[in-house]
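Engineer: The structure that follows is given in the form of structure tokens.
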Amino acid sequence: MPSFAGSNNAEPPLADSYYALLRRYGLDNNDGDDAAHTAAVPPPVAECELPMIDVGCLTTRGGSEGEEVAACAAAIARAAEEWGFFQVRNHGVAPELLDAMRREQARLFRLPFEAKCKAGLLNDSYRWGTPTATSPGQLSWSEAFHVPLAGVSSGGGACNFGDLTALRDVTREVAGAMSKLAGTLARVLAEAALLPGGLPAAGEQRRFPEGCDETTCFLRLNRYPACPVSQETFGLVPHTDSDFLTVLCQDHVGGLQLMKGARWVAVKPIPGALIVNIGDLFQAWSNNRYKSVEHKVMTNATTERYSVAYFLCPSYDSPIGTCQEPSPYRTFTFGEYRSKVQEDVKRTGKKIGLPNFLV
């Protein structure tokens with residue numbers, strides 16, 4: 001069995017977890033030859049370009065009325081129905097801000113593993129691998145900080161950034177910019193799903209989703225280390241997102257794949273674009289009109305990958321509701337949904353999600 005321990009004490013012990021799971025399943029040949037783990041080459045996956053939507057008319061002019069806005073809204077709704085994923089440009093999140101986030105993110109993950117785990121950094125939001133994995137196919141070869149934004153938003157000093165003041169400042173800015181974009185896109189999608197007059201006019205103060213603001217959402221800082229053990233190792237196991245909407249900034253490395261037409265397709269990274277995908281809560285609220293699509297991240301044998309994801313979530317006690325009765329789902333809150341997902345993962349090793357809440 002090869003050893004990946006070295007002088008870099010920043011790395012989480014992912015290889016140890018991988019080989020422990022192999023031993024558990026009797027798959028480790030223990031002869032010092034790693035060929036058995038690297039020989040299997042996964043079949044090629046077709047690369048796709050997600051629908052690209054210019055949302056400048058929404059982000060730079062406040063969503064003013066007109067044919068351009070109507071066409072943009074229709075394109076967003078169509079992509080959410082047909083793909084569950086789309087890309088946006090002219091999104092209002094400055095490229096310089098995203099570059100700064102990438103630099104501070106790399107600095108954060110270079111901290112010693114023990115410091116990331118035990119120092120209370122970012123309110124103990126660090127996680128790595130998959131604690132519930134019972135087989136190699138359930139292991140995510142990645143590390144992340146899944147940060148609740150309640151303590152990050154300006155005026156809230158509850159989140160512990162230690163000496164990483166630059167990270168604190170850029171995290172606040174990125175969270176604020178992505179929050180604004182996510183709220184704009186969510187409202188556009190809600191208006192498209194409702195009958196005319198279903199939401200208040202844009203000038204009114206009511207939010208969509210209800211119970212959702214900058215204190216209820218999350219920002220996840222991801223790092224996917226290079227993975228030399230197998231070309232079939234997941235950076236993030238196949239899943240759907242348990243939120244309304246996710247806004248993702250990925251780097252140039254690639255690795256994101258999604259399910260389209262009963263097959264996996266690889267998402268081509270586009271410089272400057274952000275990726276948006278529908279979460280389970282929006283699928284439920286829209287009565288399955290918008291699709292929460294299964295996706296995963298595949299590892300790279302030689303190159304690490306970084307991404308930042310913003311999750312648009314309501315408060316735990318918020319009922320998800322529906323755009324129109326009758327709904328195929330019973331009434332449930334976000335807290336109920338999260339608890340059921342965690343219970344299923346612990347019990348079965350995988351998420352079941354929305355089928356648990358069908359009428």
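Chain labels follow the order of the structure tokens: the first chain is A, the next B, and so on; residue numbering restarts at 1 in every chain, and ligands are counted from 1 in their shown order.
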Using only C-alpha atoms, which residues sit within 12 Å of Thr184 (chain A) once same-chain residues fewer than 3 positions away are excluded, as a ChimeraX atom specification?
Structural biologist: /A:55-63,73,76,91-92,177-181,187-191,202,207-209,245,247,312
Engineer: For the residues in that selection, give me C-alpha atoms as a compact mmCIF listing (two decimals), in the first residue's frame.
Structural biologist:
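The result, written out as selection-v3.txt:
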# COMPACT_ATOMS: atom_id res chain seq x y z
CA VAL A 55 -28.37 38.78 -16.66
CA GLY A 56 -26.99 42.30 -16.93
CA CYS A 57 -30.48 43.70 -17.45
CA LEU A 58 -31.41 42.33 -14.01
CA THR A 59 -28.24 43.13 -12.08
CA THR A 60 -27.20 46.53 -13.46
CA ARG A 61 -30.54 48.19 -14.07
CA GLY A 62 -32.47 46.83 -11.14
CA GLY A 63 -34.70 44.52 -13.15
CA ALA A 73 -36.56 35.82 -17.39
CA ILE A 76 -33.77 31.53 -16.93
CA HIS A 91 -23.86 38.85 -12.88
CA GLY A 92 -22.64 41.70 -10.72
CA ALA A 177 -22.73 39.93 -3.90
CA MET A 178 -23.84 36.32 -4.36
CA SER A 179 -26.79 36.88 -2.02
CA LYS A 180 -28.01 39.75 -4.17
CA LEU A 181 -27.66 37.68 -7.35
CA ARG A 187 -37.59 36.09 -7.63
CA VAL A 188 -37.47 35.83 -11.42
CA LEU A 189 -38.06 32.07 -11.23
CA ALA A 190 -40.88 32.49 -8.71
CA GLU A 191 -42.65 35.06 -10.89
CA ALA A 202 -40.50 44.59 -7.36
CA ARG A 207 -38.69 38.56 0.00
CA PHE A 208 -38.72 35.33 -1.90
CA PRO A 209 -38.20 32.71 -0.59
CA LEU A 245 -30.81 27.86 -5.33
CA VAL A 247 -24.57 29.97 -7.05
CA LEU A 312 -29.92 30.14 -0.73
Engineer: Would you mind listing what lies within 10 Å of Gly279 (chain A) as a PyMOL selection string, with only C-alpha atoms counted and same-chain residues fewer than 5 positions away left out?
Structural biologist: chain A and resi 84-85+240-246+284+290-294+311-313
Engineer: Convert the current residue selection to file output with N, CA, C and O atoms, as a short mmCIF file (atom, residue, chain, number, x, y, z; two decimals), in the first residue's frame.
Structural biologist:
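The result, written out as again.cif:
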data_model
loop_
_atom_site.label_atom_id
_atom_site.label_comp_id
_atom_site.auth_asym_id
_atom_site.auth_seq_id
_atom_site.Cartn_x
_atom_site.Cartn_y
_atom_site.Cartn_z
N GLY A 84 -31.98 22.37 -15.13
CA GLY A 84 -31.77 22.51 -13.69
C GLY A 84 -30.48 23.24 -13.37
O GLY A 84 -30.19 23.53 -12.21
N PHE A 85 -29.69 23.52 -14.39
CA PHE A 85 -28.41 24.23 -14.30
C PHE A 85 -28.35 25.27 -15.41
O PHE A 85 -28.87 25.04 -16.51
N THR A 240 -28.06 15.90 -4.87
CA THR A 240 -28.77 17.12 -5.21
C THR A 240 -28.60 18.09 -4.04
O THR A 240 -28.25 17.68 -2.94
N ASP A 241 -28.85 19.37 -4.27
CA ASP A 241 -28.66 20.38 -3.23
C ASP A 241 -29.95 20.57 -2.43
O ASP A 241 -31.03 20.70 -3.01
N SER A 242 -29.80 20.63 -1.11
CA SER A 242 -30.96 20.78 -0.22
C SER A 242 -31.23 22.25 0.08
O SER A 242 -31.24 22.68 1.24
N ASP A 243 -31.45 23.04 -0.96
CA ASP A 243 -31.70 24.47 -0.80
C ASP A 243 -32.66 24.92 -1.89
O ASP A 243 -33.22 24.10 -2.61
N PHE A 244 -32.88 26.23 -2.00
CA PHE A 244 -33.66 26.76 -3.11
C PHE A 244 -32.80 26.90 -4.36
O PHE A 244 -33.19 26.51 -5.46
N LEU A 245 -31.62 27.48 -4.18
CA LEU A 245 -30.81 27.86 -5.33
C LEU A 245 -29.35 27.88 -4.88
O LEU A 245 -29.05 28.28 -3.76
N THR A 246 -28.44 27.45 -5.77
CA THR A 246 -27.01 27.49 -5.50
C THR A 246 -26.32 28.33 -6.57
O THR A 246 -26.62 28.17 -7.76
N ALA A 284 -39.62 21.42 -5.15
CA ALA A 284 -40.86 21.17 -4.41
C ALA A 284 -41.82 22.34 -4.53
O ALA A 284 -43.01 22.16 -4.82
N TYR A 290 -39.36 23.15 -11.96
CA TYR A 290 -37.92 23.35 -11.98
C TYR A 290 -37.25 22.09 -11.43
O TYR A 290 -37.74 21.48 -10.50
N LYS A 291 -36.11 21.74 -12.01
CA LYS A 291 -35.49 20.46 -11.71
C LYS A 291 -34.24 20.60 -10.83
O LYS A 291 -33.32 21.33 -11.18
N SER A 292 -34.25 19.89 -9.72
CA SER A 292 -33.06 19.76 -8.89
C SER A 292 -32.31 18.53 -9.38
O SER A 292 -32.74 17.39 -9.17
N VAL A 293 -31.22 18.75 -10.07
CA VAL A 293 -30.55 17.71 -10.85
C VAL A 293 -29.37 17.13 -10.07
O VAL A 293 -28.60 17.86 -9.44
N GLU A 294 -29.22 15.82 -10.15
CA GLU A 294 -28.09 15.16 -9.51
C GLU A 294 -26.79 15.59 -10.17
O GLU A 294 -26.70 15.69 -11.40
N PHE A 311 -25.38 29.01 -0.94
CA PHE A 311 -26.62 28.24 -0.84
C PHE A 311 -27.73 29.14 -0.30
O PHE A 311 -27.65 29.65 0.82
N LEU A 312 -28.78 29.32 -1.11
CA LEU A 312 -29.92 30.14 -0.73
C LEU A 312 -30.89 29.28 0.07
O LEU A 312 -31.60 28.44 -0.49
N CYS A 313 -30.91 29.49 1.37
CA CYS A 313 -31.68 28.66 2.29
C CYS A 313 -32.60 29.52 3.15
O CYS A 313 -32.22 30.63 3.54
#
Engineer: Return as a VMD selection string the full set of residues in region 93-333 of chain A whose backbone-based DSSP assignment is strand (DSSP E or B).
Structural biologist: chain A and resid 126 to 128 140 143 to 148 218 to 224 234 to 239 245 to 250 256 to 260 263 to 267 274 to 278 295 to 298 305 to 312 319 329 333
Engineer: Between A:Gly151, A:Pro13, A:Gly162, A:Pro269, which one has atoms that come closest to Leu248 (chain A), using only C-alpha atoms?
Structural biologist: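 Looking at the shortest contact to Leu248 (chain A), the residue is A:Pro269.
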Engineer: Using only C-alpha atoms, determine which residues lie at most 8 Å from region 221-230 of chain A, disregarding the query and same-chain residues fewer than 2 positions distant; provide the list as a PyMOL selection string.
Structural biologist: chain A and resi 15+34+37-40+105+109+141-147+219+232-233+235+299-309
Engineer: Output the selection as a short mmCIF file (atom, residue, chain, number, x, y, z; two decimals), in the first residue's frame - N, CA, C and O atoms for each residue.
Structural biologist:
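File produced: part.cif:
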data_model
loop_
_atom_site.label_atom_id
_atom_site.label_comp_id
_atom_site.auth_asym_id
_atom_site.auth_seq_id
_atom_site.Cartn_x
_atom_site.Cartn_y
_atom_site.Cartn_z
N ALA A 15 -6.34 9.68 1.95
CA ALA A 15 -5.81 8.39 1.48
C ALA A 15 -6.00 7.32 2.55
O ALA A 15 -6.33 6.17 2.24
N ASP A 34 0.00 -0.44 -6.45
CA ASP A 34 -1.22 0.36 -6.51
C ASP A 34 -1.93 0.22 -7.85
O ASP A 34 -2.94 0.86 -8.08
N HIS A 37 -5.67 -0.17 -8.09
CA HIS A 37 -6.54 0.95 -7.78
C HIS A 37 -6.54 1.99 -8.89
O HIS A 37 -7.42 2.83 -8.94
N THR A 38 -5.56 1.98 -9.75
CA THR A 38 -5.46 3.03 -10.76
C THR A 38 -5.72 2.51 -12.17
O THR A 38 -5.84 3.30 -13.09
N ALA A 39 -5.79 1.20 -12.35
CA ALA A 39 -5.89 0.65 -13.70
C ALA A 39 -7.25 0.94 -14.34
O ALA A 39 -7.35 1.12 -15.54
N ALA A 40 -8.30 0.95 -13.48
CA ALA A 40 -9.63 1.13 -14.04
C ALA A 40 -9.79 2.57 -14.53
O ALA A 40 -9.74 3.51 -13.76
N GLN A 105 -8.80 31.80 -0.10
CA GLN A 105 -9.24 30.42 0.09
C GLN A 105 -8.03 29.47 0.09
O GLN A 105 -7.93 28.58 0.94
N PHE A 109 -6.72 27.00 3.22
CA PHE A 109 -6.57 25.54 3.17
C PHE A 109 -5.11 25.10 3.34
O PHE A 109 -4.86 23.92 3.57
N TRP A 141 -13.48 12.97 -1.90
CA TRP A 141 -12.06 13.34 -1.77
C TRP A 141 -11.97 14.87 -1.79
O TRP A 141 -11.62 15.49 -2.80
N SER A 142 -12.30 15.48 -0.68
CA SER A 142 -12.35 16.94 -0.63
C SER A 142 -12.34 17.41 0.81
O SER A 142 -12.53 16.63 1.75
N GLU A 143 -12.11 18.70 0.98
CA GLU A 143 -12.24 19.36 2.27
C GLU A 143 -12.97 20.67 2.04
O GLU A 143 -12.96 21.22 0.93
N ALA A 144 -13.63 21.18 3.08
CA ALA A 144 -14.46 22.37 2.90
C ALA A 144 -14.70 23.05 4.24
O ALA A 144 -14.63 22.44 5.30
N PHE A 145 -15.01 24.34 4.14
CA PHE A 145 -15.59 25.08 5.25
C PHE A 145 -17.01 25.45 4.82
O PHE A 145 -17.20 26.18 3.85
N HIS A 146 -18.00 24.93 5.54
CA HIS A 146 -19.41 25.18 5.23
C HIS A 146 -19.90 26.22 6.23
O HIS A 146 -20.33 25.90 7.33
N VAL A 147 -19.83 27.48 5.84
CA VAL A 147 -19.92 28.60 6.78
C VAL A 147 -21.33 29.16 6.85
O VAL A 147 -21.85 29.66 5.84
N LEU A 219 -22.21 29.81 2.88
CA LEU A 219 -21.16 29.91 1.87
C LEU A 219 -20.20 28.75 2.12
O LEU A 219 -19.69 28.58 3.24
N GLU A 232 -11.50 7.02 -10.60
CA GLU A 232 -12.95 6.95 -10.38
C GLU A 232 -13.36 7.49 -9.02
O GLU A 232 -14.50 7.33 -8.60
N THR A 233 -12.44 8.13 -8.31
CA THR A 233 -12.75 8.67 -6.99
C THR A 233 -13.55 9.96 -7.13
O THR A 233 -13.23 10.83 -7.94
N GLY A 235 -14.70 13.61 -6.06
CA GLY A 235 -14.36 14.75 -5.23
C GLY A 235 -15.55 15.09 -4.34
O GLY A 235 -15.40 15.47 -3.17
N THR A 299 -12.44 13.84 -9.26
CA THR A 299 -11.12 14.34 -8.89
C THR A 299 -10.19 14.40 -10.10
O THR A 299 -10.44 13.81 -11.14
N ASN A 300 -9.09 15.13 -9.92
CA ASN A 300 -8.03 15.22 -10.91
C ASN A 300 -6.79 14.57 -10.30
O ASN A 300 -6.46 14.80 -9.14
N ALA A 301 -6.08 13.75 -11.08
CA ALA A 301 -4.95 13.00 -10.54
C ALA A 301 -3.77 13.88 -10.15
O ALA A 301 -2.99 13.53 -9.26
N THR A 302 -3.63 15.05 -10.77
CA THR A 302 -2.42 15.85 -10.57
C THR A 302 -2.68 17.28 -10.10
O THR A 302 -1.75 17.96 -9.66
N THR A 303 -3.93 17.76 -10.19
CA THR A 303 -4.19 19.17 -9.95
C THR A 303 -5.32 19.35 -8.95
O THR A 303 -6.37 18.72 -9.07
N GLU A 304 -5.11 20.23 -7.96
CA GLU A 304 -6.17 20.53 -7.02
C GLU A 304 -7.18 21.48 -7.67
O GLU A 304 -6.88 22.19 -8.63
N ARG A 305 -8.39 21.48 -7.12
CA ARG A 305 -9.48 22.30 -7.65
C ARG A 305 -10.12 23.07 -6.51
O ARG A 305 -10.27 22.54 -5.40
N TYR A 306 -10.49 24.31 -6.78
CA TYR A 306 -11.17 25.15 -5.80
C TYR A 306 -12.52 25.60 -6.34
O TYR A 306 -12.68 25.82 -7.54
N SER A 307 -13.47 25.78 -5.43
CA SER A 307 -14.75 26.38 -5.81
C SER A 307 -15.36 27.05 -4.58
O SER A 307 -14.99 26.76 -3.44
N VAL A 308 -16.29 27.95 -4.84
CA VAL A 308 -17.06 28.63 -3.79
C VAL A 308 -18.53 28.50 -4.16
O VAL A 308 -18.92 28.80 -5.29
N ALA A 309 -19.34 28.06 -3.20
CA ALA A 309 -20.77 27.87 -3.46
C ALA A 309 -21.59 28.65 -2.44
O ALA A 309 -21.33 28.59 -1.24
#
